[in-house]
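Participant: Below you will find the structure I want to go over with you.
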Amino acid sequence: MKGWLWAAAILPLMSSIWLLKLGLAMFKPRYALIVMLGFLVGCTLSLTDFVQFMSIPGTGTPSVGDVAPDNISDPNAPARDSPAASQAPIKVRLSNPTQRDADCLVTMELIGREVHFSLRRILATTDSIVIGPDRADIVRIEATFLGEPPAAMDPQVLRIGQDFSPGDIIDFTLALPPDDSGQDVPDDDQHDDEAPPPPPTITIEGLDQDVIIDPGDPVTFDIVTTNASEDARVSAFADPDSILDNENEIAILEDVLAADRTTVIWNTSEVSPGTYLILAQLRDGDDLIRAEPAPGYVIIVAPPPTGACCYPEAYCEILTEDECVDGLWLGPDTTCDMCPDCFVLCPAEARPEGEPCGESTNAGCFGNTFSFEPITCGETVCGTSWMTYDFGEPNEPNEPNEPNMMSADIDWYEIIVTEDTEITFTVEAEFGVFIAFAEQEVPGDPNCDNWTGGFMPSAVGEECDAVSISQCVGPGTYYAIVFPYVEYEMPCDGNNDYVATLTCQPCTRGACCFEDGHCEVMSAENCGDAEGVYQGDNTPCDPNPCPQPPLGACCFEDYSCELITESDCNNAEGQYQGDGTTCTPNPCLSQPILITGMSSS
């Protein structure tokens with residue numbers, strides 16, 4: 001391009017000389033001189049245009065130190081209106097391919113007002129990202145290169161719509177000014193075989209995404225270098241707070257002779273849990289080149305805490321909560337000597353009681369709404385119970401004290417069977433417990449009016465001792481209760497747990513005759529326990545198969561007579577006259593009547 005430019009300048013001069021010769025040959029000398037002067041003026045104007053052309057930026061040979069990238073416009077161009085500036089953060093990537101560190105100042109403006117100011121050092125042969133506000137229409141970049149002597153780059157102005165668009169990452173390359181004595185000034189006349197060697201580089205590979213490990217697990221990655229000398233050395237570090245140059249990095253690899261690829265295995269056995277940024281650097285002579293941090297972090301997760309895992313029968317292990325599957329985990333940093341003497345464990349297949357501790361929502365026939373907790377054959381329920389006392393205040397001497405008031409949680413469980421079934425109710429509690437079946441006037445009738453007010457059968461269990469009750473019942477609805485059998489307050493902050501299980505199996509029932517002649521259908525075992533006489537499997541009570549006791553006259557203190565059994569007479573506080581006696585004639589009028597508390601003659 002230089003050749004044709006010089007040709008463009010010399011051609012008018014050569015033409016003028018040729019025309020002068022032609023004028024001398026064809027015209028008179030004075031006319032030839034006028035023609036020559038005209039062409040000399042034209043030549044002068046051509047040279048002037050040539051000089052101006054060479055001075056226009058972008059049209060002549062670029063001078064050394066030109067740092068504006070291709071997409072940067074004239075910094076003196078008028079600013080455009082920019083109400084629609086970028087809504088995304090403005091990002092500027094500063095590249096420093098030189099061998100000298102540079103302090104770079106980036107300012108950003110929005111409609112004539114400065115909205116961002118950033119000063120940072122860009123190390124030699126590295127890149128750095130500057131992030132500004134969401135909106136800016138002008139970006140101004142200035143740089144000062146360190147060293148002796150320091151050198152300043154001409155300020156560069158970038159405008160939205162001319163040099164960058166909203167959402168772009170603006171790439172800007174720093175360069176030394178043309179009069180600098182550094183080694184970064186290119187020489188257009190330098191031959192390819194005399195070009196300086198490319199600078200060394202260093203990168204981290206193998207950590208493109210986060211690595212999550214347990215303490216002690218190894219972490220492997222590679223350090224890759226190019227253009228390094230034979231004496232170059234590499235180092236690697238782990239930064240626990242992701243803040244560069246704060247001098248708290250953990251050394252992973254220190255001053256190891258550099259290779260094209262160095263595989264690093266980080267042993268984390270003595271490293272605290274946390275999140276680490278991996279860094280690397282290359283020292284080649286007096287140059288220190290730092291790699292971009294690895295994109296992925298190394299995350300060392302803290303191990304789960306351990307504590308006492310207590311098992312029944314005074315056995316204990318120190319485990320994590322997940323490892324304590326069939327035991328009672330006391331919490332982090334607890335010890336086995338803290339295990340309680342008595343505790344019950346809720347099986348994994350059990351369901352929790354619907355009533356929270358401290359409330360009484362399944363009080364059954366004791367409650368106002370007759371609510372029950374359902375339990376089915378083969379089911380286990382994990383429940384709680386509680387008890388509190390309101391001790392009466394003492395009164396004046398010779399006056400009775402106010403009564404003690406007790407509040408307790410009595411859980412009622414509803415059992416429904418559809419055939420003759422032996423139901424067994426088993427409870428293991430952390431407290432003394434009373435369990436029973438509610439006694440019914442008509443077995444299986446599902447209402448509280450059918451409850452006699454008694455409990456039969458029943459059982460009492462000590463702390464952590466499993467206790468059971470059983471009975472063979474026909475189709476219908478039945479009720480079992482769990483009651484804290486203690487003589488002390490039992491608030492909801494201690495041993496309140498119990499586990500209740502209902503098991504069922506088929507059973508056979510029959511008529512059971514009692515001494516007073518009444519009949520009940522029950523199992524042979526239950527009949528024997530009640531001191532009855534079992535009449536055989538599947539025998540009914542209607543008609544009554546039981547032998548009836550003999551009748552006799554029963555005299556009352558008003559001298560009336562009634563023909564009843566001896567047992568009924570005694571229960572009515574009468575005087576039985578003997579089996580087979582009658583009330584006609586009235587035997588009560590011819591004999592004294594014994595009245596309780598009085599004597600007669």
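Ordering of the structure tokens sets the chain letters (A, B, ...), residue numbers begin anew at 1 in every chain, and ligands are numbered from 1 in the order given.
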Neighbours of Gly578 of chain A within 10 Å (only C-alpha atoms; same-chain residues fewer than 3 positions away dropped), as a JSON list (two decimals) with C-alpha atoms, in the first residue's frame?
Facilitator:
```json
[["chain", "number", "residue", "atom", "x", "y", "z"],
["A", 550, "PRO", "CA", -84.02, -72.95, 93.61],
["A", 551, "LEU", "CA", -86.50, -70.33, 94.82],
["A", 552, "GLY", "CA", -87.74, -69.69, 98.34],
["A", 553, "ALA", "CA", -89.59, -67.18, 100.44],
["A", 554, "CYS", "CA", -87.67, -63.99, 101.31],
["A", 565, "THR", "CA", -83.36, -67.06, 94.96],
["A", 566, "GLU", "CA", -81.27, -67.07, 98.09],
["A", 575, "GLN", "CA", -84.25, -63.15, 105.22],
["A", 581, "THR", "CA", -90.64, -72.35, 100.81],
["A", 582, "THR", "CA", -93.57, -70.25, 99.66]]
```
Participant: Record the distance separating atom CA of Tyr576 of chain A and atom CA of Phe556 of chain A, expressed in Å with one decimal.
Facilitator: 9.2 Å
Participant: What separation in Å, quoted to one decimal, exists between atom CA of Arg233 of chain A and atom CA of Gln99 of chain A?
Facilitator: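 Result for atom CA of Arg233 of chain A versus atom CA of Gln99 of chain A: 18.1 Å, one decimal.
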Participant: Counting only C-alpha atoms, figure out which residue out of A:Phe431, A:Ile481, A:Cys512, A:Gly474 gets nearest to Gly454 of chain A.
Facilitator: A:Ile481
Participant: Need the shell around Gln535 of chain A: protein/DNA/RNA residues with any atom at most 7 Å away, counting only C-alpha atoms. Skip same-chain ones fewer than 2 positions apart. Format as a list in words?
Facilitator: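 In the requested form, the answer reads Gly510, Ala511, Cys512, Val533 and Thr539 of chain A.
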Participant: Excluding same-chain residues fewer than 4 positions from segment 490-507 of chain A, what lies within 8 Å of it counting only C-alpha atoms, as an NGL selection string?
Facilitator: :A and (343-346 or 357-358 or 375-388 or 419-431 or 472 or 523)
Participant: From segment 359-482 of chain A, collect each residue whose DSSP state is strand (DSSP E or B) and return the set as a ChimeraX atom specification.
Facilitator: /A:373-374,380-384,387-390,405-408,411-417,421-429,433-440,451-461,467-473,476-482
Participant: Would you list the contacts of Val115 of chain A as a ChimeraX atom specification, taking every protein, DNA or RNA residue within 10 Å and counting only C-alpha atoms, but skipping same-chain residues closer than 2 positions in sequence?
Facilitator: /A:107-113,117,132-136,138
Participant: Emit the selected residues as a compact mmCIF listing (two decimals), in the first residue's frame, including N, CA, C and O atoms.
Facilitator:
```txt
# COMPACT_ATOMS: atom_id res chain seq x y z
N THR A 107 -14.42 4.00 33.78
CA THR A 107 -15.55 4.78 34.26
C THR A 107 -16.69 4.62 33.27
O THR A 107 -16.47 4.44 32.07
N MET A 108 -17.93 4.66 33.79
CA MET A 108 -19.12 4.50 32.95
C MET A 108 -20.08 5.65 33.24
O MET A 108 -20.24 6.05 34.41
N GLU A 109 -20.72 6.15 32.18
CA GLU A 109 -21.61 7.29 32.31
C GLU A 109 -22.97 6.96 31.71
O GLU A 109 -23.06 6.13 30.78
N LEU A 110 -23.98 7.62 32.21
CA LEU A 110 -25.33 7.50 31.67
C LEU A 110 -25.88 8.91 31.49
O LEU A 110 -26.12 9.63 32.49
N ILE A 111 -26.03 9.34 30.25
CA ILE A 111 -26.57 10.67 29.88
C ILE A 111 -25.79 11.76 30.62
O ILE A 111 -26.34 12.59 31.36
N GLY A 112 -24.46 11.70 30.57
CA GLY A 112 -23.61 12.73 31.12
C GLY A 112 -23.32 12.61 32.60
O GLY A 112 -22.60 13.44 33.16
N ARG A 113 -23.84 11.60 33.26
CA ARG A 113 -23.61 11.46 34.71
C ARG A 113 -22.82 10.17 34.97
O ARG A 113 -23.16 9.11 34.44
N PHE A 117 -17.26 3.60 38.65
CA PHE A 117 -15.83 3.90 38.72
C PHE A 117 -15.13 2.64 39.19
O PHE A 117 -15.49 2.07 40.22
N GLY A 132 -20.14 -3.32 35.53
CA GLY A 132 -20.67 -2.04 35.95
C GLY A 132 -22.16 -2.11 36.23
O GLY A 132 -22.71 -3.17 36.49
N PRO A 133 -22.84 -0.99 36.14
CA PRO A 133 -24.28 -0.93 36.45
C PRO A 133 -25.10 -1.54 35.31
O PRO A 133 -24.57 -1.98 34.30
N ASP A 134 -26.41 -1.57 35.51
CA ASP A 134 -27.30 -2.10 34.48
C ASP A 134 -27.42 -1.15 33.28
O ASP A 134 -27.68 -1.60 32.16
N ARG A 135 -27.25 0.13 33.52
CA ARG A 135 -27.47 1.12 32.45
C ARG A 135 -26.25 2.03 32.34
O ARG A 135 -25.79 2.61 33.32
N ALA A 136 -25.71 2.13 31.15
CA ALA A 136 -24.63 3.06 30.86
C ALA A 136 -24.57 3.24 29.35
O ALA A 136 -24.86 2.30 28.59
N ILE A 138 -21.82 5.35 27.97
CA ILE A 138 -20.44 5.68 27.63
C ILE A 138 -19.51 4.92 28.57
O ILE A 138 -19.75 4.89 29.79
```
Participant: Can you tell me, as a PyMOL selection string, what residues are no more than 9 Å from Ile250 of chain A when counting only C-alpha atoms, ignoring any on the same chain fewer than 2 positions away?
Facilitator: chain A and resi 236-240+247-248+252+271
Participant: Keeping only N, CA and C atoms, write the selected residues as a compact mmCIF listing (two decimals), in the first residue's frame.
Facilitator:
```txt
# COMPACT_ATOMS: atom_id res chain seq x y z
N ALA A 236 0.02 -24.44 43.01
CA ALA A 236 -1.45 -24.47 43.06
C ALA A 236 -1.90 -24.22 44.50
N PHE A 237 -3.05 -23.56 44.62
CA PHE A 237 -3.57 -23.18 45.93
C PHE A 237 -5.07 -23.40 45.99
N ALA A 238 -5.60 -23.53 47.20
CA ALA A 238 -7.04 -23.58 47.44
C ALA A 238 -7.40 -22.40 48.33
N ASP A 239 -8.34 -21.57 47.86
CA ASP A 239 -8.74 -20.37 48.60
C ASP A 239 -10.08 -20.64 49.28
N PRO A 240 -10.14 -20.52 50.62
CA PRO A 240 -11.38 -20.88 51.34
C PRO A 240 -12.48 -19.84 51.28
N GLU A 247 -3.94 -13.86 51.08
CA GLU A 247 -2.86 -14.52 51.82
C GLU A 247 -3.34 -15.59 52.79
N ASN A 248 -4.50 -16.15 52.56
CA ASN A 248 -4.93 -17.26 53.41
C ASN A 248 -5.14 -18.53 52.59
N ILE A 252 -1.43 -26.33 47.75
CA ILE A 252 -1.66 -27.70 47.26
C ILE A 252 -0.41 -28.23 46.58
N VAL A 271 -8.14 -30.93 55.82
CA VAL A 271 -8.74 -29.66 55.39
C VAL A 271 -10.14 -29.54 56.00
```
Participant: Name all residues at most 12 Å from Ala124 of chain A (count only C-alpha atoms; drop same-chain ones fewer than 6 positions away) and give them as a list in words.
Facilitator: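 Neighbouring residues, sequence-local ones excluded: Leu94, Ser95, Asn96, Pro97, Thr98, Gln99, Arg100, Asp101, Ala102, Asp103, Phe145, Leu146, Gly147, Thr173, Leu174, Ala175, Leu176, Asp184, Pro199, Pro200, Thr201, Asp286, Asp287, Leu288, Ile289, Arg290 and Ala291 of chain A.
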Participant: Taking only C-alpha atoms into account, name the residue in A:Glu317, A:Thr418, A:Asn570, A:Glu562 that is nearest to Leu330 of chain A.
Facilitator: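 Distance minimum relative to Leu330 of chain A lands on A:Glu317.
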